[in-house]
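Step one of this worksheet: look at the structure below.
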Amino acid sequence: MYRSPVAEIAFTLKHVAGLKQAMDEGLLGELSEDLLDAVIEEAGRFSTEEIYPLHKIGDEQGAKLVDGKVTMPDGWRDLYRRWAEGGWNAIAAPEAWGGQDLGTAMSVATLEMWNSGSMAFAIGPTLTMGAIEALDKHGSDELKAIYLEKLVSGEWMGTMNLTEPQAGSDLNALRARAEPAGDGTYRVFGQKIFITYGEHDITDNIVHLVLARLPDAPAGTRGISLFLVPKFLVNADGSLGARNDVYCHSVEHKLGIHASPTCTMIYGDGKHGDAPGAIGWLVGEENRGLACMFTMMNNARIAVGIQGVGVAETAYQKALGYAHERRQGKAEGYRGEGMAPIVLHPDVRRNLMTMKGMTQAARAIAYSCAHAIDMDHRSGDSGGFWSTRAALLTPVAKAFATDTGVEVASIGIQVHGGMGFIEETGAAALLRDARIAPIYEGTNGIQAIDLVTRKLPLEGGEHVHGYIAELRGDIEALRSSNNPAFGQAAQKLDAALDHLVETTRFLQEALSAGRMEEALAGATPYLRLFGLAAGGAYLARGAVVGDDAARIALCRFFAENLVDETAALSARVREGAASLAAADAVLGVA
């Protein structure tokens, strides 16, 4: 039912996100158009033929914990082995450690396909890729020499350990501790929850990156350090040694992504090893662990955003296929025998076009963000234009795309009707899987706050307006095409950008005037407004460059049916704070 949309992915990378121009100017190293096409084509084949067929098995069997050991569903260990042998873990990794250094955009594009095949499978390697980046940027030469090559090859996997029972998004409350052992190592103690792929039988070793406090650490986030804690210690010759004092206490029973083991991890209670304390090594500087972890978290945010795109693409394809097969009722103009395929009914068509348009808009935003990250890395100009652009787009790519994944998967169930609510069709599993992504790596509400309070003020508040001006250029190109097939797209998209400008200025003024509650109240509707306006402009860019009937029709539908929501969102941002402040009686706040 799923076939990787390799042509659409390659087109969006090259002509919407901007990779073709960058490649033509020699800004992306060894990446060429031929290489891009070949990588995307083979990734599409692997996802379609090898990952997707195991999604149902993974959903039904799940990951199982027995006597402290997690076993993965049938076929998953071998699937991962084939995936790693294909070099897919190394797409964006440094060449010095066996990577291909093809960039974040190429990695994100392949991640989309892995997530379309199975989100539960893709999320494990996603964290390993983040661990590689964090260790490469902040680890000592000794740690890099021991661990990076194994992580890059996929022979070992990595995890990210932040959350504790009392500390979710607020890392000030972390209690895990690390004590210097006097020999350059540390002993780590504490409990971490919601640790994705914290324990499994896919690889021989698991490398945990763990946030913890040193004995004399300052309070709050300024006193957090980052430690590398392997499941198995590594001998001098590179072979695996003794088991470290860390283990999986339990695996969560979740709404979705059943095959992804979400673990409660215990560090340093003496269950393994000669003495209590998980042996770890400091990554980066003492009390600077959050800065190190943010390298991994920013990688994870764009990767989680693409989870939404991947699930949305599969949900759309599944719904479209069903709509062509399912016959029900009569459709205006249908001349065939019997009942009409439901794809001919206007409401079903609206649902399908909404699914397709939102998916493509989210894909364009995510790829554009990934390309900005690459351009920042290649330029070497830390804090320059591309660094600022990547910072601006990251919360939008994460939140808008994951919200889209949930929305599109839900619409997909509606297209299936009653059969969508039945597990055997697979439509329900996609919604169950997608629902975690708006929570992962900082909830979407936190992403919206980040966008409004930290990203809108960048460059004195002018960078976002420069970005909007670039999008305005896409609308001008659409208007200049003089193609009547676009209908009212230019006017509608122009109006959406107007709403984005006025709302952006309103929020910037609120921040400048110290009206923080007003800015916070409008953050979430503002992020959706931003995503719709930017997504519509990117669809226009693709339609003008591609100049084919399907792209033009999708752009027109999005502009004439979806972006009008920006008017209501703008009003909600500018006028909604007072009603929130007056909600105490409803919410039972004393």
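Chain identifiers are assigned as A, B, and so on, following the order in which chains appear in the structure tokens; residues are numbered from 1 within each chain, and ligands are numbered from 1 in order of appearance.
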
Quick one: everything within 8 Å of A:Thr394, counting only C-alpha atoms, minus sequence neighbours fewer than 5 positions away in the same chain. Send it as a VMD selection string. chain A and resid 298 301 to 302 366 369

May I have the residues from that selection written out with C-alpha atoms, as a PDB file, in the first residue's frame?
ATOM      1  CA  ASN A 298      18.187  20.078  17.761  1.00  0.00           C
ATOM      2  CA  ARG A 301      13.691  18.066  16.614  1.00  0.00           C
ATOM      3  CA  ILE A 302      14.049  18.133  12.845  1.00  0.00           C
ATOM      4  CA  ALA A 366      11.232  20.401   7.041  1.00  0.00           C
ATOM      5  CA  CYS A 369      15.089  23.758   7.574  1.00  0.00           C
TER       6      CYS A 369
END

Can you tell me, as a ChimeraX atom specification, what residues are no more than 9 Å from stretch 107-116 of chain A when counting only C-alpha atoms, ignoring any on the same chain fewer than 4 positions away? /A:2,4-6,9-10,13,39-40,43-44,46-48,51-52,88-92,102-103,120-123,126,302-303,306-315,363,366-367,370

Kindly assemble as JSON lines a list of the stretch 307-385 of chain A residues that lie within 7 Å of stretch 535-554 of chain A, each paired with its nearest atom pair and their distance in Å to one decimal, using only C-alpha atoms, sorted first by chain and then by ascending residue number.
{"residue": "A:Gly357", "atom": "CA", "partner": "A:Leu554", "partner_atom": "CA", "distance": 6.2}
{"residue": "A:Ala361", "atom": "CA", "partner": "A:Gly535", "partner_atom": "CA", "distance": 4.2}
{"residue": "A:Ala362", "atom": "CA", "partner": "A:Gly535", "partner_atom": "CA", "distance": 6.5}
{"residue": "A:Ala364", "atom": "CA", "partner": "A:Tyr538", "partner_atom": "CA", "distance": 6.4}
{"residue": "A:Ile365", "atom": "CA", "partner": "A:Gly535", "partner_atom": "CA", "distance": 6.5}

Take the residues that were just selected and, keeping N, CA and C atoms, output them as a compact mmCIF listing (two decimals), in the first residue's frame.
# COMPACT_ATOMS: atom_id res chain seq x y z
N GLY A 357 -2.02 18.15 0.49
CA GLY A 357 -1.48 19.50 0.60
C GLY A 357 -0.74 19.73 1.90
N ALA A 361 3.25 20.52 2.24
CA ALA A 361 3.66 21.76 2.89
C ALA A 361 4.62 21.48 4.03
N ALA A 362 4.29 20.48 4.85
CA ALA A 362 5.17 20.12 5.97
C ALA A 362 6.51 19.59 5.47
N ALA A 364 8.06 20.42 2.71
CA ALA A 364 8.84 21.55 2.20
C ALA A 364 9.47 22.34 3.34
N ILE A 365 8.72 22.57 4.40
CA ILE A 365 9.26 23.30 5.55
C ILE A 365 10.40 22.52 6.19

Close residues, A:Gln61 itself excluded, 7 Å, only C-alpha atoms, min 3 positions apart in chain, as a PyMOL selection string: chain A and resi 57-58+73

Residues at most 10 Å from A:Tyr316, counting only C-alpha atoms, excluding those fewer than 6 positions away in the same chain, as JSON, numbers by chain? {"A": [2, 322, 351, 352, 353, 354, 355, 356, 359, 408, 409, 411, 412, 413, 415, 427]}

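Put simply, atom CA of A:Tyr197 is 27.7 Å away from atom CA of A:Arg222.
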
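As for atom CA of A:Asp74 and atom CA of A:Gly98, they are spaced 29.5 Å apart.
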
Can you build me a table of stretch 121-183 of chain A residues sitting at most 9 Å from stretch 200-218 of chain A, with the closest atom pair per residue and its distance in Å to one decimal, using only C-alpha atoms, sorted by chain and residue number, as a tab-separated table?
residue	atom	partner	partner_atom	distance
A:Thr128	CA	A:Val207	CA	8.6
A:Ala131	CA	A:Leu209	CA	7.3
A:Tyr147	CA	A:Val207	CA	8.2
A:Leu151	CA	A:Val207	CA	8.4
A:Gly154	CA	A:Thr203	CA	8.1
A:Glu155	CA	A:Thr203	CA	6.2
A:Trp156	CA	A:Asn205	CA	5.2
A:Met157	CA	A:Ile206	CA	5.1
A:Gly158	CA	A:Val207	CA	4.6
A:Thr159	CA	A:His208	CA	4.9
A:Met160	CA	A:Leu209	CA	5.2
A:Asn161	CA	A:Val210	CA	4.7
A:Leu162	CA	A:Leu211	CA	5.8
A:Thr163	CA	A:Leu211	CA	8.9
A:Leu174	CA	A:Ala212	CA	7.1
A:Arg175	CA	A:Ala212	CA	7.0
A:Ala176	CA	A:Ala212	CA	4.7
A:Arg177	CA	A:Arg213	CA	4.5
A:Ala178	CA	A:Leu214	CA	5.1
A:Glu179	CA	A:Leu214	CA	6.0
A:Pro180	CA	A:Leu214	CA	7.9
